[in-house]
Amino acid sequence: MPTQLQRDYFLSHPTQEQFLASGARYKVASCGRRWGKGNGALREAGNVAGEIPGGRIWVISPTYDMTKPMWRKAIAAFGRVTVDGYPWMMKPRIKDHEIPFANGSVIEFKSADQPDSLRGAGDDLVYVIIDEAAYMSRDAWDNVMFALVDRQASAALISTPNRHNPKNWFYDEWLCGQKKLRFVCDECNGDGCEACDNTGQRLADNPDYDDEYESFQFSSFDNPHVPKSEIQKIIEKNRYSEVDILREIYGEFVGGEAAVVDLAMVRDCELGTEEEPEVGASYVTGVDLGRVTSWTVITTIRIPEDEKEMPRVVAFDRFQGGWSLQRERIAAHARKYGQPRTFVDATGLGDTFTEELRRAGVYRLEPIKFSGASKPEIVSAILAAIEANAIVWPPNRQLEDELLNLEQKALPSGQVQYRAGKGHKDDMVMSLGLAWWAYLKHASPQRPKAWAVGVGGRS
């Protein structure tokens with residue numbers, strides 16, 4: 001299809017060109033709303049139809065109703081094209097939602113309402129474009145992938161993250177196209193330092209990277225054809241939260257029904273400051289131990305002395321290292337804060353671990369073994385405290401990232417399972433949870449009820 005008409009009719013812009021220029025077999029774009037996902041999908045379909053005579057291209061939308069605007073826009077655009085004075089588009093087959101072209105290629109518009117309808121048809125299928133991919137099912141995508149096998153065909157997935165379940169299968173596919181993942185800087189915990197060029201973030205290799213994939217993230221503001229003032233009006237009119245803005249405008253995979261806490265709840269708790277130990281003050285500590293390449297985190301909470309105070313985290317320590325380093329650092333922290341009651345993750349370590357820490361000088365130690373029952377109880381307790389704004393801590397971007405990406409899943413047994421979202425960690429969450437659990441179990445019996453929220457689960 002002539003390039004100029006493609007660009008004019010489908011409102012080309014630089015980030016759309018960037019996506020279309022990718023030569024990856026699977027390319028995935030997470031975009032803010034009004035970025036131009038539909039236009040980009042149809043441009044891709046037109047390009048492939050012109051390049052592969054006799055090929056069949058599918059353009060798939062999540063529902064039948066969503067195929068209609070794509071179908072109408074495609075007919076209006078492709079019907080204007082001539083090659084050597086003759087129409088390039090042949091008579092559309094309305095019943096089958098197909099647009100045939102003079103070179104024998106066909107674009108077929110389909111929906112994912114019934115995933116099994118996407119089985120088969122692999123003999124002449126050369127390309128698949130999926131618009132609003134995050135809103136179709138994993139089963140539909142699995143069927144599409146099998147249809148691509150015969151001719152080693154390619155696919156383009158374009159979508160805004162699903163507002164109810166941002167980290168569904170579309171997020172998994174997007175992750176496959178990222179060589180590196182961004183993490184909060186380990187040196188400064190997100191505050192900015194020389195190691196991270198003052199960005200607060202660093203890159204790490206993505207273990208799920210697949211070289212057949214390339215993925216992108218584009219903002220609504222990247223589309224120059226949509227006035228920024230109009231986007232801002234929508235944000236204000238719909239009273240978008242900060243999480244809504246990140247997902248709907250910037251294409252970030254945040255929020256949704258699987259999310260356990262939201263950003264506003266976390267920010268309400270980020271009102272503390274780090275404090276040096278004070279003579280006469282009482283503390284409790286939680287330690288989540290790192291294994292191999294994971295992180296060890298120490299969290300210490302100061303116990304309130306009267307009803308005017310609330311529990312507050314006064315120290316975080318997050319580091320990597322062998323067992324000897326962990327033992328020495330935990331012991332030094334215990335001495336610094338006057339031998340606080342210390343709950344330590346002892347899952348799989350046995351009695352030997354406990355005795356070594358005690359010999360190193362951690363005297364008031366209680367080993368806690370995580371299980372299918374104990375871990376949800378500990379996590380539920382700290383989540384209840386966060387929801388009730390019953391604890392504060394110093395701003396920490398690593399903890400913020402972990403909390404926002406913590407997910408819950410209901411098991412058939414009726415229990416709730418908590419886990420870190422794919423590509424994220426939960427070391428700081430578990431350390432905070434252990435410290436809070438120690439506070440609930442060993443703080444003064446006269447502690448105000450408001451500061452004891454979380455006993456026996458969420459409240």
# chains A, B, ... in the order shown; residues from 1 in each chain; ligands from 1
>>> closest_atom_pairs(of="segment 1-58 of chain A", to="segment 192-215 of chain A", cutoff="7 Å", atoms="only C-alpha atoms", output="Markdown table")
| residue | atom | partner | partner_atom | distance |
| --- | --- | --- | --- | --- |
| A:Ala24 | CA | A:Tyr213 | CA | 5.6 |
| A:Arg25 | CA | A:Glu212 | CA | 5.4 |
| A:Tyr26 | CA | A:Tyr213 | CA | 4.7 |
| A:Lys27 | CA | A:Glu214 | CA | 4.9 |
| A:Val28 | CA | A:Ser215 | CA | 4.5 |
| A:Ala29 | CA | A:Ser215 | CA | 5.6 |
>>> residues_around(residues="Ala134 of chain A", least_positions_apart="6", cutoff="9 Å", atoms="only C-alpha atoms", output="MDAnalysis selection string")
chainID A and resid 62 157:162 165:171
>>> write_last_selection(atoms="N, CA and C atoms", output="mmCIF file, in the first residue's frame")
data_model
loop_
_atom_site.group_PDB
_atom_site.id
_atom_site.type_symbol
_atom_site.label_atom_id
_atom_site.label_comp_id
_atom_site.auth_asym_id
_atom_site.auth_seq_id
_atom_site.Cartn_x
_atom_site.Cartn_y
_atom_site.Cartn_z
ATOM 1 N N PRO A 62 -11.036 -7.863 20.700
ATOM 2 C CA PRO A 62 -11.579 -8.703 21.782
ATOM 3 C C PRO A 62 -13.033 -9.112 21.593
ATOM 4 N N LEU A 157 1.039 -7.290 18.836
ATOM 5 C CA LEU A 157 0.059 -7.145 19.908
ATOM 6 C C LEU A 157 0.110 -5.703 20.409
ATOM 7 N N ILE A 158 -1.043 -5.035 20.373
ATOM 8 C CA ILE A 158 -1.108 -3.626 20.762
ATOM 9 C C ILE A 158 -2.246 -3.464 21.761
ATOM 10 N N SER A 159 -1.964 -2.815 22.904
ATOM 11 C CA SER A 159 -3.029 -2.688 23.903
ATOM 12 C C SER A 159 -2.647 -1.699 24.991
ATOM 13 N N THR A 160 -3.672 -1.168 25.641
ATOM 14 C CA THR A 160 -3.512 -0.536 26.942
ATOM 15 C C THR A 160 -3.654 -1.653 27.969
ATOM 16 N N PRO A 161 -2.879 -1.660 29.069
ATOM 17 C CA PRO A 161 -3.011 -2.728 30.059
ATOM 18 C C PRO A 161 -4.443 -2.867 30.554
ATOM 19 N N ASN A 162 -4.846 -4.087 30.823
ATOM 20 C CA ASN A 162 -6.186 -4.375 31.318
ATOM 21 C C ASN A 162 -6.385 -3.710 32.679
ATOM 22 N N ASN A 165 -7.016 -6.400 35.456
ATOM 23 C CA ASN A 165 -5.929 -7.360 35.678
ATOM 24 C C ASN A 165 -4.741 -6.981 34.796
ATOM 25 N N PRO A 166 -4.009 -5.921 35.164
ATOM 26 C CA PRO A 166 -2.924 -5.420 34.303
ATOM 27 C C PRO A 166 -1.856 -6.458 33.992
ATOM 28 N N LYS A 167 -1.581 -7.334 34.933
ATOM 29 C CA LYS A 167 -0.492 -8.293 34.723
ATOM 30 C C LYS A 167 -1.031 -9.650 34.286
ATOM 31 N N ASN A 168 -1.848 -9.618 33.258
ATOM 32 C CA ASN A 168 -2.340 -10.873 32.701
ATOM 33 C C ASN A 168 -1.357 -11.370 31.638
ATOM 34 N N TRP A 169 -1.825 -12.207 30.738
ATOM 35 C CA TRP A 169 -0.930 -12.807 29.750
ATOM 36 C C TRP A 169 -0.264 -11.766 28.849
ATOM 37 N N PHE A 170 -0.954 -10.643 28.607
ATOM 38 C CA PHE A 170 -0.364 -9.594 27.758
ATOM 39 C C PHE A 170 0.899 -9.043 28.406
ATOM 40 N N TYR A 171 0.884 -8.878 29.713
ATOM 41 C CA TYR A 171 2.078 -8.431 30.434
ATOM 42 C C TYR A 171 3.203 -9.457 30.301
#
>>> closest_residue(among="A:Asp172, A:Glu328, A:Glu270, A:Asp427", to="Val287 of chain A", atoms="only C-alpha atoms")
A:Asp427
>>> closest_residue(among="A:Lys37, A:Lys336, A:Arg291, A:Arg138", to="Ala112 of chain A", atoms="only C-alpha atoms")
A:Arg138
>>> select_by_dssp(residues="segment 164-234 of chain A", states="strand (DSSP E)", output="ChimeraX atom specification")
/A:180-184,201-205,213-218
>>> atom_distance(atom1="atom CA of Ala385 of chain A", atom2="atom CA of Lys425 of chain A")
20.6 Å
>>> select_by_dssp(residues="segment 126-283 of chain A", states="alpha helix (DSSP H)", output="ChimeraX atom specification")
/A:138-148,169-176,228-237,242-244,263-269
>>> write_last_selection(atoms="C-alpha atoms", output="mmCIF file, in the first residue's frame")
data_model
loop_
_atom_site.group_PDB
_atom_site.id
_atom_site.type_symbol
_atom_site.label_atom_id
_atom_site.label_comp_id
_atom_site.auth_asym_id
_atom_site.auth_seq_id
_atom_site.Cartn_x
_atom_site.Cartn_y
_atom_site.Cartn_z
ATOM 1 C CA ARG A 138 -5.102 -16.311 27.268
ATOM 2 C CA ASP A 139 -6.901 -19.195 25.509
ATOM 3 C CA ALA A 140 -7.498 -16.992 22.465
ATOM 4 C CA TRP A 141 -3.801 -16.076 22.263
ATOM 5 C CA ASP A 142 -2.772 -19.733 22.657
ATOM 6 C CA ASN A 143 -4.989 -20.647 19.701
ATOM 7 C CA VAL A 144 -3.512 -17.831 17.628
ATOM 8 C CA MET A 145 0.037 -18.979 18.357
ATOM 9 C CA PHE A 146 -0.788 -22.484 17.098
ATOM 10 C CA ALA A 147 -2.297 -20.961 13.931
ATOM 11 C CA LEU A 148 1.015 -19.179 13.305
ATOM 12 C CA TRP A 169 -0.930 -12.807 29.750
ATOM 13 C CA PHE A 170 -0.364 -9.594 27.758
ATOM 14 C CA TYR A 171 2.078 -8.431 30.434
ATOM 15 C CA ASP A 172 3.882 -11.786 30.224
ATOM 16 C CA GLU A 173 4.258 -11.357 26.458
ATOM 17 C CA TRP A 174 5.459 -7.769 26.915
ATOM 18 C CA LEU A 175 8.097 -8.934 29.392
ATOM 19 C CA CYS A 176 9.466 -11.382 26.795
ATOM 20 C CA LYS A 228 -2.424 17.335 25.423
ATOM 21 C CA SER A 229 -5.055 19.637 26.919
ATOM 22 C CA GLU A 230 -7.789 17.163 25.907
ATOM 23 C CA ILE A 231 -6.004 14.306 27.633
ATOM 24 C CA GLN A 232 -5.644 16.445 30.732
ATOM 25 C CA LYS A 233 -9.385 17.212 30.681
ATOM 26 C CA ILE A 234 -10.185 13.490 30.639
ATOM 27 C CA ILE A 235 -7.834 12.888 33.576
ATOM 28 C CA GLU A 236 -9.519 15.625 35.587
ATOM 29 C CA LYS A 237 -13.094 14.804 34.593
ATOM 30 C CA GLU A 242 -2.028 8.395 40.112
ATOM 31 C CA VAL A 243 -2.254 4.662 39.387
ATOM 32 C CA ASP A 244 -4.995 5.252 36.767
ATOM 33 C CA LEU A 263 -0.403 3.955 45.696
ATOM 34 C CA ALA A 264 -2.443 6.346 47.853
ATOM 35 C CA MET A 265 -2.380 3.893 50.756
ATOM 36 C CA VAL A 266 1.380 3.475 50.462
ATOM 37 C CA ARG A 267 2.039 7.206 50.232
ATOM 38 C CA ASP A 268 -0.036 7.775 53.391
ATOM 39 C CA CYS A 269 2.423 5.564 55.263
#
>>> residues_around(residues="Met90 of chain A", least_positions_apart="6", cutoff="12 Å", atoms="only C-alpha atoms", output="ChimeraX atom specification")
/A:75,78-83,98-107
>>> write_last_selection(atoms="N, CA and C atoms", output="compact mmCIF listing (two decimals), in the first residue's frame")
# COMPACT_ATOMS: atom_id res chain seq x y z
N ILE A 75 -11.89 -0.15 5.24
CA ILE A 75 -12.52 -0.01 3.92
C ILE A 75 -12.36 1.42 3.40
N PHE A 78 -8.35 1.78 2.56
CA PHE A 78 -7.82 0.95 1.48
C PHE A 78 -8.59 1.17 0.17
N GLY A 79 -9.85 1.63 0.28
CA GLY A 79 -10.64 1.88 -0.93
C GLY A 79 -10.14 3.07 -1.72
N ARG A 80 -9.28 3.88 -1.15
CA ARG A 80 -8.75 5.06 -1.84
C ARG A 80 -7.48 4.76 -2.63
N VAL A 81 -6.97 3.54 -2.50
CA VAL A 81 -5.67 3.21 -3.08
C VAL A 81 -5.83 2.67 -4.51
N THR A 82 -5.02 3.17 -5.40
CA THR A 82 -4.95 2.64 -6.77
C THR A 82 -3.52 2.25 -7.09
N VAL A 83 -3.38 1.24 -7.92
CA VAL A 83 -2.07 0.80 -8.40
C VAL A 83 -2.15 0.78 -9.93
N GLU A 98 -14.03 -9.75 5.29
CA GLU A 98 -12.75 -9.90 4.61
C GLU A 98 -12.57 -8.78 3.58
N ILE A 99 -11.34 -8.33 3.45
CA ILE A 99 -11.00 -7.36 2.42
C ILE A 99 -9.93 -7.98 1.53
N PRO A 100 -10.28 -8.36 0.30
CA PRO A 100 -9.30 -8.93 -0.63
C PRO A 100 -8.60 -7.81 -1.42
N PHE A 101 -7.37 -8.10 -1.86
CA PHE A 101 -6.58 -7.12 -2.62
C PHE A 101 -6.16 -7.70 -3.96
N ALA A 102 -5.72 -6.81 -4.82
CA ALA A 102 -5.41 -7.18 -6.21
C ALA A 102 -4.29 -8.21 -6.28
N ASN A 103 -3.40 -8.25 -5.29
CA ASN A 103 -2.28 -9.20 -5.33
C ASN A 103 -2.63 -10.55 -4.69
N GLY A 104 -3.91 -10.74 -4.36
CA GLY A 104 -4.34 -12.02 -3.80
C GLY A 104 -4.32 -12.10 -2.29
N SER A 105 -3.76 -11.09 -1.62
CA SER A 105 -3.74 -11.10 -0.15
C SER A 105 -5.12 -10.71 0.39
N VAL A 106 -5.38 -11.11 1.62
CA VAL A 106 -6.68 -10.87 2.26
C VAL A 106 -6.46 -10.45 3.71
N ILE A 107 -7.18 -9.40 4.13
CA ILE A 107 -7.22 -9.05 5.55
C ILE A 107 -8.58 -9.48 6.08
